[in-house]
file work_13.pdb (PDB, C-alpha atoms)
ATOM      1  CA  MET A 274       0.000   0.000   0.000
ATOM      2  CA  LYS A 275       2.844   2.395   0.823
ATOM      3  CA  LYS A 276       4.301   1.836  -2.650
ATOM      4  CA  TYR A 277       1.060   2.895  -4.330
ATOM      5  CA  LEU A 278       0.661   5.892  -2.029
ATOM      6  CA  PHE A 279       4.193   6.941  -2.914
ATOM      7  CA  LEU A 280       3.382   6.537  -6.636
ATOM      8  CA  SER A 281       0.304   8.773  -6.305
ATOM      9  CA  LEU A 282       2.221  11.456  -4.406
ATOM     10  CA  PHE A 283       5.114  11.251  -6.867
ATOM     11  CA  LEU A 284       2.709  11.739  -9.804
ATOM     12  CA  ALA A 285       1.037  14.746  -8.117
ATOM     13  CA  PHE A 286       4.443  16.299  -7.371
ATOM     14  CA  ALA A 287       5.631  15.744 -10.958
ATOM     15  CA  ILE A 288       2.527  17.425 -12.396
ATOM     16  CA  ILE A 289       2.794  20.483 -10.155
ATOM     17  CA  PHE A 290       6.555  20.738 -10.608
ATOM     18  CA  SER A 291       6.273  20.444 -14.414
ATOM     19  CA  LEU A 292       3.712  23.243 -14.536
ATOM     20  CA  LEU A 293       5.682  25.613 -12.314
ATOM     21  CA  ALA A 294       9.317  24.852 -13.193
ATOM     22  CA  GLY A 295      11.134  26.403 -16.118
ATOM     23  CA  ARG A 296      13.362  29.268 -17.153
ATOM     24  CA  ILE A 297      10.808  31.651 -15.646
ATOM     25  CA  SER A 298      11.216  31.365 -11.869
ATOM     26  CA  LEU A 299       8.403  30.901  -9.371
ATOM     27  CA  GLU A 300       8.922  34.522  -8.370
ATOM     28  CA  GLY A 301       8.431  35.531 -12.002
ATOM     29  CA  LEU A 302       5.205  33.516 -12.180
ATOM     30  CA  MET A 303       3.918  35.264  -9.054
ATOM     31  CA  ASP A 304       4.737  38.610 -10.626
ATOM     32  CA  TYR A 305       2.719  37.645 -13.711
ATOM     33  CA  TYR A 306      -0.139  36.576 -11.424
ATOM     34  CA  GLN A 307      -0.226  39.982  -9.805
ATOM     35  CA  ASN A 308       0.343  42.146 -12.886
ATOM     36  CA  ASP A 309      -0.340  40.187 -16.087
ATOM     37  CA  LYS A 310      -2.722  37.258 -15.667
ATOM     38  CA  GLU A 311      -3.213  36.856 -19.427
ATOM     39  CA  THR A 312       0.480  36.108 -19.945
ATOM     40  CA  LEU A 313       0.457  33.707 -16.994
ATOM     41  CA  TYR A 314      -2.583  31.902 -18.435
ATOM     42  CA  ALA A 315      -0.916  31.594 -21.845
ATOM     43  CA  LEU A 316       2.302  30.302 -20.288
ATOM     44  CA  ILE A 317       0.607  27.654 -18.139
ATOM     45  CA  PHE A 318      -2.374  26.568 -20.238
ATOM     46  CA  ASP A 319      -1.170  27.151 -23.791
ATOM     47  CA  LEU A 320       2.513  26.221 -23.469
ATOM     48  CA  ARG A 321       3.295  24.101 -20.408
ATOM     49  CA  LEU A 322       0.094  22.084 -19.940
ATOM     50  CA  PRO A 323      -0.011  20.554 -23.457
ATOM     51  CA  ARG A 324       3.700  19.697 -23.118
ATOM     52  CA  LEU A 325       3.059  18.071 -19.754
ATOM     53  CA  ILE A 326       0.192  15.954 -21.096
ATOM     54  CA  ALA A 327       2.128  14.962 -24.224
ATOM     55  CA  ALA A 328       5.229  14.079 -22.188
ATOM     56  CA  PHE A 329       3.183  11.891 -19.854
ATOM     57  CA  LEU A 330       1.374  10.089 -22.683
ATOM     58  CA  ILE A 331       4.557   9.499 -24.677
ATOM     59  CA  GLY A 332       6.565   8.324 -21.663
ATOM     60  CA  ALA A 333       3.685   6.068 -20.618
ATOM     61  CA  SER A 334       3.324   4.650 -24.138
ATOM     62  CA  LEU A 335       7.022   3.899 -24.602
ATOM     63  CA  SER A 336       7.213   2.238 -21.171
ATOM     64  CA  ALA A 337       4.098   0.115 -21.696
ATOM     65  CA  ALA A 338       5.352  -0.881 -25.151
ATOM     66  CA  GLY A 339       8.685  -1.872 -23.594
ATOM     67  CA  VAL A 340       6.937  -4.108 -21.034
ATOM     68  CA  THR A 341       4.846  -5.686 -23.792
ATOM     69  CA  PHE A 342       7.765  -6.426 -26.110
ATOM     70  CA  GLN A 343       9.895  -7.789 -23.259
ATOM     71  CA  ALA A 344       7.102 -10.146 -22.201
ATOM     72  CA  MET A 345       6.129 -11.177 -25.744
ATOM     73  CA  PHE A 346       9.671 -12.013 -26.817
ATOM     74  CA  ALA A 347      10.754 -13.268 -23.372
ATOM     75  CA  ASN A 348      13.773 -10.980 -23.565
ATOM     76  CA  PRO A 349      14.540  -8.330 -20.920
ATOM     77  CA  LEU A 350      16.818  -6.411 -23.292
ATOM     78  CA  VAL A 351      14.306  -5.538 -26.001
ATOM     79  CA  SER A 352      12.505  -2.229 -26.284
ATOM     80  CA  PRO A 353      10.747  -0.301 -29.055
ATOM     81  CA  ASN A 354      14.048   1.281 -30.089
ATOM     82  CA  ILE A 355      16.225  -1.812 -29.821
ATOM     83  CA  LEU A 356      13.729  -3.805 -31.925
ATOM     84  CA  GLY A 357      13.931  -1.107 -34.587
ATOM     85  CA  VAL A 358      10.350   0.094 -34.053
ATOM     86  CA  GLY A 359      11.524   3.618 -33.234
ATOM     87  CA  SER A 360      13.719   3.848 -36.330
ATOM     88  CA  GLY A 361      11.068   2.289 -38.562
ATOM     89  CA  ALA A 362       8.384   4.621 -37.249
ATOM     90  CA  GLY A 363      10.801   7.544 -37.564
ATOM     91  CA  PHE A 364      11.432   6.696 -41.215
ATOM     92  CA  GLY A 365       7.716   6.446 -41.969
ATOM     93  CA  ALA A 366       7.033   9.724 -40.187
ATOM     94  CA  VAL A 367       9.891  11.576 -41.915
ATOM     95  CA  VAL A 368       8.756  10.403 -45.355
ATOM     96  CA  CYS A 369       5.182  11.536 -44.658
ATOM     97  CA  ILE A 370       6.371  14.864 -43.238
ATOM     98  CA  LEU A 371       8.403  15.419 -46.391
ATOM     99  CA  ALA A 372       5.665  14.275 -48.776
ATOM    100  CA  PHE A 373       2.417  15.352 -47.117
ATOM    101  CA  GLY A 374       3.032  17.458 -44.003
ATOM    102  CA  ASN A 375      -0.211  16.051 -42.590
ATOM    103  CA  PRO A 376      -0.348  14.843 -38.948
ATOM    104  CA  VAL A 377      -2.744  11.978 -39.760
ATOM    105  CA  ALA A 378      -0.588  10.782 -42.667
ATOM    106  CA  THR A 379       2.478  11.051 -40.404
ATOM    107  CA  GLN A 380       0.905   8.788 -37.772
ATOM    108  CA  ILE A 381      -0.198   6.259 -40.401
ATOM    109  CA  GLY A 382       3.255   6.187 -41.993
ATOM    110  CA  ALA A 383       4.914   5.840 -38.588
ATOM    111  CA  PHE A 384       2.676   2.904 -37.655
ATOM    112  CA  ILE A 385       3.120   1.041 -40.963
ATOM    113  CA  PHE A 386       6.914   1.220 -40.934
ATOM    114  CA  GLY A 387       7.155   0.705 -37.161
ATOM    115  CA  PHE A 388       5.121  -2.489 -37.492
ATOM    116  CA  LEU A 389       7.195  -3.563 -40.498
ATOM    117  CA  ALA A 390      10.387  -3.043 -38.479
ATOM    118  CA  VAL A 391       9.305  -5.236 -35.562
ATOM    119  CA  MET A 392       8.142  -7.973 -37.947
ATOM    120  CA  ILE A 393      11.485  -7.934 -39.773
ATOM    121  CA  ALA A 394      13.418  -8.050 -36.490
ATOM    122  CA  TYR A 395      11.306 -10.919 -35.155
ATOM    123  CA  ALA A 396      11.587 -12.890 -38.425
ATOM    124  CA  LEU A 397      15.377 -12.477 -38.511
ATOM    125  CA  GLY A 398      15.668 -13.540 -34.866
ATOM    126  CA  VAL A 399      13.565 -16.662 -35.427
ATOM    127  CA  LEU A 400      15.416 -17.626 -38.609
ATOM    128  CA  ALA A 401      18.776 -17.265 -36.849
ATOM    129  CA  ASN A 402      17.840 -19.058 -33.632
ATOM    130  CA  LYS A 403      14.333 -18.848 -32.198
ATOM    131  CA  ASN A 404      15.539 -19.811 -28.725
ATOM    132  CA  SER A 405      18.257 -17.174 -28.506
ATOM    133  CA  LYS A 406      17.583 -13.885 -26.712
ATOM    134  CA  LEU A 407      20.785 -12.473 -28.169
ATOM    135  CA  MET A 408      19.720 -13.166 -31.759
ATOM    136  CA  LEU A 409      16.546 -11.118 -31.368
ATOM    137  CA  VAL A 410      18.555  -8.181 -30.019
ATOM    138  CA  LEU A 411      21.024  -8.465 -32.906
ATOM    139  CA  ALA A 412      18.156  -8.690 -35.389
ATOM    140  CA  GLY A 413      16.667  -5.533 -33.884
ATOM    141  CA  ILE A 414      20.001  -3.739 -34.181
ATOM    142  CA  ILE A 415      20.263  -4.779 -37.839
ATOM    143  CA  THR A 416      16.690  -3.667 -38.576
ATOM    144  CA  GLY A 417      17.225  -0.366 -36.780
ATOM    145  CA  ALA A 418      20.438   0.235 -38.745
ATOM    146  CA  ILE A 419      18.618  -0.321 -42.047
ATOM    147  CA  PHE A 420      15.914   2.197 -41.207
ATOM    148  CA  GLU A 421      18.477   4.651 -39.832
ATOM    149  CA  ALA A 422      20.224   4.442 -43.197
ATOM    150  CA  LEU A 423      16.921   5.080 -44.973
ATOM    151  CA  ILE A 424      16.328   8.105 -42.727
ATOM    152  CA  SER A 425      19.774   9.370 -43.739
ATOM    153  CA  VAL A 426      18.761   9.026 -47.403
ATOM    154  CA  VAL A 427      15.662  11.140 -46.737
ATOM    155  CA  LYS A 428      17.792  13.756 -44.963
ATOM    156  CA  TYR A 429      20.214  13.738 -47.876
ATOM    157  CA  VAL A 430      17.509  14.554 -50.425
ATOM    158  CA  ALA A 431      15.608  17.005 -48.184
ATOM    159  CA  ASP A 432      15.810  20.734 -48.802
ATOM    160  CA  THR A 433      18.738  21.998 -46.712
ATOM    161  CA  GLN A 434      17.201  25.391 -46.016
ATOM    162  CA  GLU A 435      13.649  24.536 -44.981
ATOM    163  CA  LYS A 436      13.109  20.810 -44.385
ATOM    164  CA  LEU A 437      16.441  19.368 -43.223
ATOM    165  CA  PRO A 438      16.987  21.409 -40.007
ATOM    166  CA  SER A 439      13.465  20.681 -38.761
ATOM    167  CA  ILE A 440      13.767  16.971 -39.604
ATOM    168  CA  VAL A 441      17.128  16.629 -37.824
ATOM    169  CA  TYR A 442      15.886  18.410 -34.695
ATOM    170  CA  TRP A 443      12.612  16.463 -34.719
ATOM    171  CA  LEU A 444      14.452  13.133 -34.960
ATOM    172  CA  MET A 445      16.400  13.971 -31.793
ATOM    173  CA  GLY A 446      13.146  14.085 -29.851
ATOM    174  CA  SER A 447      11.523  17.284 -28.683
ATOM    175  CA  LEU A 448       8.265  18.614 -27.290
ATOM    176  CA  SER A 449       9.089  22.257 -27.993
ATOM    177  CA  ALA A 450       6.447  22.637 -30.703
ATOM    178  CA  ILE A 451       3.661  20.708 -28.955
ATOM    179  CA  SER A 452       0.227  22.313 -29.122
ATOM    180  CA  TRP A 453      -3.281  21.299 -28.098
ATOM    181  CA  SER A 454      -3.902  19.988 -31.630
ATOM    182  CA  ASP A 455      -0.949  17.587 -31.193
ATOM    183  CA  VAL A 456      -2.360  16.425 -27.858
ATOM    184  CA  ALA A 457      -5.755  15.895 -29.506
ATOM    185  CA  ALA A 458      -4.124  13.698 -32.169
ATOM    186  CA  LEU A 459      -1.966  11.782 -29.678
ATOM    187  CA  ALA A 460      -4.368  11.219 -26.782
ATOM    188  CA  PRO A 461      -7.018   8.956 -28.416
ATOM    189  CA  VAL A 462      -4.410   6.539 -29.769
ATOM    190  CA  CYS A 463      -2.223   6.412 -26.665
ATOM    191  CA  VAL A 464      -5.025   6.326 -24.102
ATOM    192  CA  SER A 465      -6.885   3.576 -25.983
ATOM    193  CA  GLY A 466      -3.727   1.508 -26.391
ATOM    194  CA  LEU A 467      -2.649   1.975 -22.771
ATOM    195  CA  VAL A 468      -6.093   1.037 -21.426
ATOM    196  CA  LEU A 469      -6.268  -2.123 -23.570
ATOM    197  CA  LEU A 470      -2.720  -3.190 -22.683
ATOM    198  CA  SER A 471      -3.394  -2.598 -18.980
ATOM    199  CA  LEU A 472      -6.660  -4.564 -19.034
ATOM    200  CA  MET A 473      -5.017  -7.467 -20.874
ATOM    201  CA  GLY A 474      -1.772  -7.310 -18.903
ATOM    202  CA  TRP A 475      -2.513 -10.547 -17.047
ATOM    203  CA  LYS A 476      -2.541 -12.410 -20.371
ATOM    204  CA  LEU A 477       1.051 -11.297 -20.945
ATOM    205  CA  ASN A 478       1.980 -13.509 -17.985
ATOM    206  CA  ILE A 479       0.741 -16.496 -19.994
ATOM    207  CA  LEU A 480       2.195 -15.437 -23.343
ATOM    208  CA  SER A 481       5.586 -14.799 -21.740
ATOM    209  CA  LEU A 482       5.802 -18.517 -20.883
ATOM    210  CA  GLY A 483       6.307 -19.321 -24.558
ATOM    211  CA  GLY A 484       4.218 -20.628 -27.443
ATOM    212  CA  GLU A 485       3.682 -24.209 -26.248
ATOM    213  CA  HIS A 486       2.701 -23.236 -22.703
ATOM    214  CA  ALA A 487       0.420 -20.473 -23.962
ATOM    215  CA  SER A 488      -1.329 -22.913 -26.323
ATOM    216  CA  ILE A 489      -1.852 -25.396 -23.512
ATOM    217  CA  LEU A 490      -3.424 -22.651 -21.401
ATOM    218  CA  GLY A 491      -5.738 -21.672 -24.249
ATOM    219  CA  GLU A 492      -4.048 -18.536 -25.569
ATOM    220  CA  SER A 493      -3.706 -18.191 -29.350
ATOM    221  CA  LYS A 494      -0.966 -16.660 -31.455
ATOM    222  CA  PHE A 495      -3.518 -14.092 -32.621
ATOM    223  CA  LEU A 496      -3.580 -12.601 -29.123
ATOM    224  CA  GLY A 497       0.175 -12.131 -29.292
ATOM    225  CA  PHE A 498      -0.278 -10.414 -32.641
ATOM    226  CA  ILE A 499      -2.778  -8.013 -31.023
ATOM    227  CA  PHE A 500      -0.265  -7.144 -28.296
ATOM    228  CA  ILE A 501       2.414  -6.417 -30.900
ATOM    229  CA  VAL A 502       0.007  -4.227 -32.903
ATOM    230  CA  LEU A 503      -1.054  -2.232 -29.816
ATOM    231  CA  ALA A 504       2.538  -1.729 -28.628
ATOM    232  CA  THR A 505       3.653  -0.685 -32.108
ATOM    233  CA  LEU A 506       0.660   1.646 -32.510
ATOM    234  CA  ILE A 507       1.320   3.655 -29.341
ATOM    235  CA  THR A 508       5.052   3.755 -30.108
ATOM    236  CA  ALA A 509       4.382   5.015 -33.634
ATOM    237  CA  ALA A 510       1.947   7.657 -32.377
ATOM    238  CA  SER A 511       4.598   8.876 -29.928
ATOM    239  CA  VAL A 512       7.316   8.991 -32.586
ATOM    240  CA  ALA A 513       5.010  10.829 -35.005
ATOM    241  CA  ILE A 514       4.453  13.611 -32.453
ATOM    242  CA  ALA A 515       7.788  13.906 -30.641
ATOM    243  CA  GLY A 516      10.434  12.155 -32.727
ATOM    244  CA  ILE A 517      12.644   9.263 -31.607
ATOM    245  CA  ILE A 518      13.113   9.216 -27.820
ATOM    246  CA  GLY A 519      15.303   6.347 -26.681
ATOM    247  CA  TRP A 520      15.868   4.419 -23.451
ATOM    248  CA  VAL A 521      12.471   5.094 -21.846
ATOM    249  CA  GLY A 522      10.996   1.818 -23.106
ATOM    250  CA  LEU A 523      14.021  -0.142 -21.929
ATOM    251  CA  LEU A 524      14.753   1.535 -18.609
ATOM    252  CA  MET A 525      11.355   2.099 -16.997
ATOM    253  CA  PRO A 526      10.084  -1.516 -17.158
ATOM    254  CA  HIS A 527      13.202  -2.621 -15.262
ATOM    255  CA  VAL A 528      12.877   0.158 -12.683
ATOM    256  CA  THR A 529       9.238  -0.840 -12.158
ATOM    257  CA  ARG A 530      10.138  -4.525 -11.732
ATOM    258  CA  LEU A 531      12.656  -3.639  -9.037
ATOM    259  CA  ILE A 532       9.941  -1.853  -7.023
ATOM    260  CA  TYR A 533       6.661  -3.625  -7.838
ATOM    261  CA  GLY A 534       7.634  -7.113  -9.058
ATOM    262  CA  SER A 535       7.157  -8.928 -12.370
ATOM    263  CA  ASP A 536       3.382  -9.452 -12.555
ATOM    264  CA  ASN A 537       2.486  -7.926 -15.921
ATOM    265  CA  SER A 538      -1.062  -7.112 -14.803
ATOM    266  CA  GLN A 539       0.504  -4.527 -12.472
ATOM    267  CA  LEU A 540       3.688  -3.950 -14.420
ATOM    268  CA  VAL A 541       1.989  -2.489 -17.515
ATOM    269  CA  PRO A 542      -0.038   0.291 -15.819
ATOM    270  CA  ILE A 543       2.558   1.134 -13.164
ATOM    271  CA  SER A 544       5.405   1.189 -15.678
ATOM    272  CA  ALA A 545       3.258   3.487 -17.826
ATOM    273  CA  ILE A 546       2.761   5.899 -14.916
ATOM    274  CA  LEU A 547       6.456   5.888 -13.983
ATOM    275  CA  GLY A 548       7.444   6.306 -17.635
ATOM    276  CA  GLY A 549       5.110   9.283 -17.924
ATOM    277  CA  ILE A 550       6.561  10.854 -14.790
ATOM    278  CA  PHE A 551      10.114  10.213 -16.004
ATOM    279  CA  LEU A 552       9.532  11.943 -19.339
ATOM    280  CA  MET A 553       7.673  14.863 -17.731
ATOM    281  CA  LEU A 554      10.619  15.568 -15.438
ATOM    282  CA  THR A 555      13.114  15.019 -18.265
ATOM    283  CA  ASP A 556      11.221  17.554 -20.377
ATOM    284  CA  VAL A 557      11.411  20.067 -17.518
ATOM    285  CA  ALA A 558      15.189  19.600 -17.462
ATOM    286  CA  ALA A 559      15.356  19.900 -21.273
ATOM    287  CA  ARG A 560      13.718  23.329 -21.246
ATOM    288  CA  SER A 561      15.282  24.621 -18.026
ATOM    289  CA  VAL A 562      18.980  23.808 -17.727
ATOM    290  CA  SER A 563      20.182  26.024 -20.575
ATOM    291  CA  SER A 564      19.039  28.936 -22.699
ATOM    292  CA  ALA A 565      18.651  26.632 -25.721
ATOM    293  CA  GLU A 566      16.333  23.653 -25.294
ATOM    294  CA  ILE A 567      18.129  20.290 -25.139
ATOM    295  CA  PRO A 568      16.696  17.451 -27.293
ATOM    296  CA  LEU A 569      15.035  14.813 -25.126
ATOM    297  CA  SER A 570      16.929  11.873 -26.598
ATOM    298  CA  ILE A 571      20.200  13.329 -25.309
ATOM    299  CA  LEU A 572      18.942  13.509 -21.732
ATOM    300  CA  THR A 573      17.186  10.135 -21.773
ATOM    301  CA  ALA A 574      20.419   8.531 -23.042
ATOM    302  CA  LEU A 575      22.561  10.274 -20.403
ATOM    303  CA  ILE A 576      20.198   9.062 -17.676
ATOM    304  CA  GLY A 577      19.096   5.723 -19.099
ATOM    305  CA  ALA A 578      22.379   4.229 -20.314
ATOM    306  CA  PRO A 579      24.211   4.339 -16.941
ATOM    307  CA  MET A 580      21.140   3.045 -15.089
ATOM    308  CA  ILE A 581      20.721   0.123 -17.504
ATOM    309  CA  GLY A 582      24.437  -0.602 -17.060
ATOM    310  CA  VAL A 583      23.941  -0.882 -13.304
ATOM    311  CA  ILE A 584      20.874  -3.111 -13.754
ATOM    312  CA  ILE A 585      22.746  -5.387 -16.179
ATOM    313  CA  VAL A 586      25.608  -5.791 -13.701
ATOM    314  CA  LYS A 587      23.168  -6.732 -10.931
ATOM    315  CA  LYS A 588      20.742  -8.911 -12.907
ATOM    316  CA  GLY A 589      22.690  -9.978 -15.995
ATOM    317  CA  LYS A 590      23.348 -13.538 -14.769
ATOM    318  CA  ARG A 591      19.591 -14.216 -14.674
ATOM    319  CA  TRP A 592      19.236 -13.247 -18.353
ATOM    320  CA  SER A 593      21.934 -15.487 -19.802
TER     321      SER A 593
END
call {"tool": "encode", "arguments": {"input": "work_13.pdb", "output": "structure tokens"}}
result
Amino acid sequence: MKKYLFLSLFLAFAIIFSLLAGRISLEGLMDYYQNDKETLYALIFDLRLPRLIAAFLIGASLSAAGVTFQAMFANPLVSPNILGVGSGAGFGAVVCILAFGNPVATQIGAFIFGFLAVMIAYALGVLANKNSKLMLVLAGIITGAIFEALISVVKYVADTQEKLPSIVYWLMGSLSAISWSDVAALAPVCVSGLVLLSLMGWKLNILSLGGEHASILGESKFLGFIFIVLATLITAASVAIAGIIGWVGLLMPHVTRLIYGSDNSQLVPISAILGGIFLMLTDVAARSVSSAEIPLSILTALIGAPMIGVIIVKKGKRWS
């Protein structure tokens, strides 16, 4: 009970802190409150609040997708980015941004190529050695490298004055341009996917046992396909809005397991909440620590990579 109380208080603190923290100090906000309420309203409700909501939804989606992929493939080292989903979705989104500039088309392109990436990675892993956790990771790295190369081709042919700078900055992950229209496009997809994954989380416990055990217990391969589609969909929606943000989907499931255990019925929703909190606070740091906003992928890598290193040292023997 104390763990859940702490989670609730932590979420409330993160929301309040994200709304109030930034380059404008608390004293500056109070000054606006006394002398210029319109500016204060615009700052909080038009700039910071949509960023906060988007950061929470994206962090939650990447974390829940990480839990799902790790359970589905019985591999604690996979994540949307390591499987190539992030790169595939990024390629689809970049192509649609270049060709159409339409948010709906961008989300569709991100989903199609994100799903294609995870299917390619899974097929390569199975063909190499279906019982090897390492082969799936290597297959994901190969798939990600292919789509990264394709993204480089798109950047090479993009207009250097107008399109290329925005594409490069977008690919590094940022919420600087988030508006309420972006939140309106993101929320239905992410909320629906997160709710479905959370409600079906207990079935991941069965699917994570492997194909033969799942069949004996009455679970079909089609259910696993649904999990992959949902995880890819919320990842693609996140990439289409904010670019490629790494490490969240790998780190937060492990952090959640250390605190709350490995039951996927609890792991999916709690990991989603912690992932949302993590990205909210990371976004605060991105827009606060310097005069120029830092891309999110830089901060998530600086935080996530050392923490995953520590977790691997402590738990690596169990994964071999």
call {"tool": "atom_distance", "arguments": {"input": "work_13.pdb", "atom1": "atom CA of Ala333 of chain A", "atom2": "atom CA of Gly549 of chain A"}}
result
4.4 Å
call {"tool": "residues_around", "arguments": {"input": "work_13.pdb", "residues": "Lys436 of chain A", "least_positions_apart": "5", "cutoff": "10 Å", "atoms": "all atoms listed in the file", "output": "list in words"}}
result
Ile370, Leu371, Lys428, Val430, Ala431 and Val441 of chain A
call {"tool": "atom_distance", "arguments": {"input": "work_13.pdb", "atom1": "atom CA of Ser449 of chain A", "atom2": "atom CA of Leu282 of chain A"}}
result
26.8 Å
call {"tool": "residues_around", "arguments": {"input": "work_13.pdb", "residues": "segment 552-558 of chain A", "least_positions_apart": "2", "cutoff": "10 Å", "atoms": "only C-alpha atoms", "output": "ChimeraX atom specification"}}
result
/A:284,287-288,290-296,321,324-333,335,447-449,518,521,547-550,560-563,566-570,572-573,576
call {"tool": "closest_residue", "arguments": {"input": "work_13.pdb", "among": "A:Ile451, A:Leu540, A:Leu523, A:Ala401", "to": "Leu322 of chain A", "atoms": "only C-alpha atoms"}}
result
A:Ile451
call {"tool": "closest_residue", "arguments": {"input": "work_13.pdb", "among": "A:Gly466, A:Pro438, A:Gly516, A:Gly413", "to": "Asn354 of chain A", "atoms": "all atoms listed in the file"}}
result
A:Gly413
